[in-house]
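Take a look at the structure below.
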Amino acid sequence: MNDEKYIDIAIDISKKAKYPYGAIIVKDDKIIGRSDDDTIIGKTMFSHPELQAIESASKNKNLYGELKGSTLYVSCEPCMMCMGAILYEEISKIVYAATLKDSNDIYCPELITNIDALKKYSNNDIEIIKELHREKAILVLKDRARKTYN
């Protein structure tokens, strides 16, 4: 598969999620973590899809450093908290659709951060592909906002 197919999976997950965000982790062309997997973190206030996907990939394993070489596909740009986990786990590539500003403007308040500034704290060089299929993710945010706030 390619980036476009994988980001579409993350966006599809966001359509069914409690909050309109979804993520998957891919390594060696295999999905190893999903935010719609039943994880402990999914039942806490820290249930961001990036953290759920990391927890899913780590189920029954001690994966510290094992996510190096993996790609995180997420329907919305990672927040500062999630970027900390991404850096800690040494994920090598991030592909996201909607921006934090999109989420802030459409669905819920966000602390807008600069993902490029945060990636400088990484031990490895993280590749970031921004706004791939952004309009699809924005439609999910708008649809959920309409259902939630109207």
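Identifiers in this document derive from the order of the structure tokens: chains are assigned A, B, ..., residues are numbered from 1 separately in each chain, and ligands are numbered from 1 in order of occurrence.
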Considering only C-alpha atoms, give me a table of residues in stretch 58-137 of chain A that are at most 10 Å from stretch 34-51 of chain A, with the closest atom pair and distance in Å for each, as CSV.
residue,atom,partner,partner_atom,distance
A:Ser58,CA,A:Thr39,CA,9.9
A:Lys59,CA,A:Thr39,CA,8.1
A:Leu72,CA,A:Glu50,CA,7.6
A:Tyr73,CA,A:Glu50,CA,8.5
A:Val74,CA,A:Glu50,CA,7.0
A:Ser75,CA,A:Pro49,CA,8.8
A:Cys76,CA,A:Pro49,CA,9.3
A:Glu77,CA,A:Glu50,CA,9.7
A:Pro78,CA,A:Glu50,CA,7.3
A:Cys79,CA,A:His48,CA,9.0
A:Met81,CA,A:Phe46,CA,9.0
A:Cys82,CA,A:Glu50,CA,6.2
A:Met83,CA,A:Glu50,CA,8.7
A:Ala85,CA,A:Leu51,CA,7.2
A:Ile86,CA,A:Glu50,CA,8.0
Which residues in chain A does DSSP call alpha helix (DSSP H)? List them as an NGL selection string. :A and (3-16 or 49-58 or 80-89 or 100-106 or 115-119 or 134-149)
Rank A:Leu100, A:Arg144, A:Gly69, A:Tyr149 by their smallest atom-to-atom distance to A:Ile126, using only C-alpha atoms, and report the top residue only. A:Gly69
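Among the candidates A:Lys136, A:Lys120, A:Lys142, A:Lys130, the residue lying nearest to A:Asn104 is A:Lys142 (atoms considered: only C-alpha atoms).
Among the candidate residues A:Met80, A:Ala97, A:Ile54, A:Asp143, the one lying nearest to A:Asn114 is A:Met80, with distances computed using only C-alpha atoms.
In this comparison, which uses only C-alpha atoms, the residue of A:Ala10, A:Ala137, A:Leu111, A:Ile128 approaching A:Lys93 most closely is A:Ile128.
The shortest atom-to-atom distance to A:Ser56, with only C-alpha atoms taken into account, belongs to A:Ala23 out of A:Leu87, A:Leu139, A:Ala23, A:Met1.
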Could you give me the residues within stretch 12-118 of chain A that DSSP places in strand (DSSP E), as a short mmCIF file (atom, residue, chain, number, x, y, z; two decimals) with C-alpha atoms, in the first residue's frame?
data_model
loop_
_atom_site.label_atom_id
_atom_site.label_comp_id
_atom_site.auth_asym_id
_atom_site.auth_seq_id
_atom_site.Cartn_x
_atom_site.Cartn_y
_atom_site.Cartn_z
CA ALA A 23 -4.54 6.70 13.62
CA ILE A 24 -2.63 3.63 12.52
CA ILE A 25 1.02 2.61 12.76
CA VAL A 26 2.59 0.76 9.84
CA LYS A 27 5.91 -1.06 9.84
CA LYS A 30 1.92 -4.09 7.87
CA ILE A 31 -0.50 -2.31 10.21
CA ILE A 32 0.83 -3.01 13.70
CA GLY A 33 -1.24 -0.53 15.72
CA ARG A 34 -4.69 1.03 15.42
CA THR A 71 5.07 5.31 10.02
CA LEU A 72 2.22 6.93 11.92
CA TYR A 73 -0.82 7.84 9.82
CA VAL A 74 -3.19 10.16 11.65
CA SER A 75 -6.30 12.01 10.58
CA CYS A 76 -5.17 15.19 12.35
CA LYS A 93 7.60 9.08 9.64
CA ILE A 94 4.35 10.95 10.28
CA VAL A 95 1.64 11.43 7.69
CA TYR A 96 -1.31 13.57 8.74
CA ALA A 97 -4.44 14.96 7.10
CA ALA A 98 -6.15 17.86 8.92
#
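For the pair atom CA of A:Leu118 and atom CA of A:Ile91, the separation is 13.5 Å.
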Of A:Asp28, A:Glu4, A:Asp12, A:Glu127, the one sitting nearest A:Glu90 when using only C-alpha atoms is A:Glu127
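The two atoms in question, atom CA of A:Gly84 and atom CA of A:Thr148, are spaced 29.2 Å apart.
Of note, atom CA of A:Thr113 and atom CA of A:Lys147 are spaced 27.2 Å apart.
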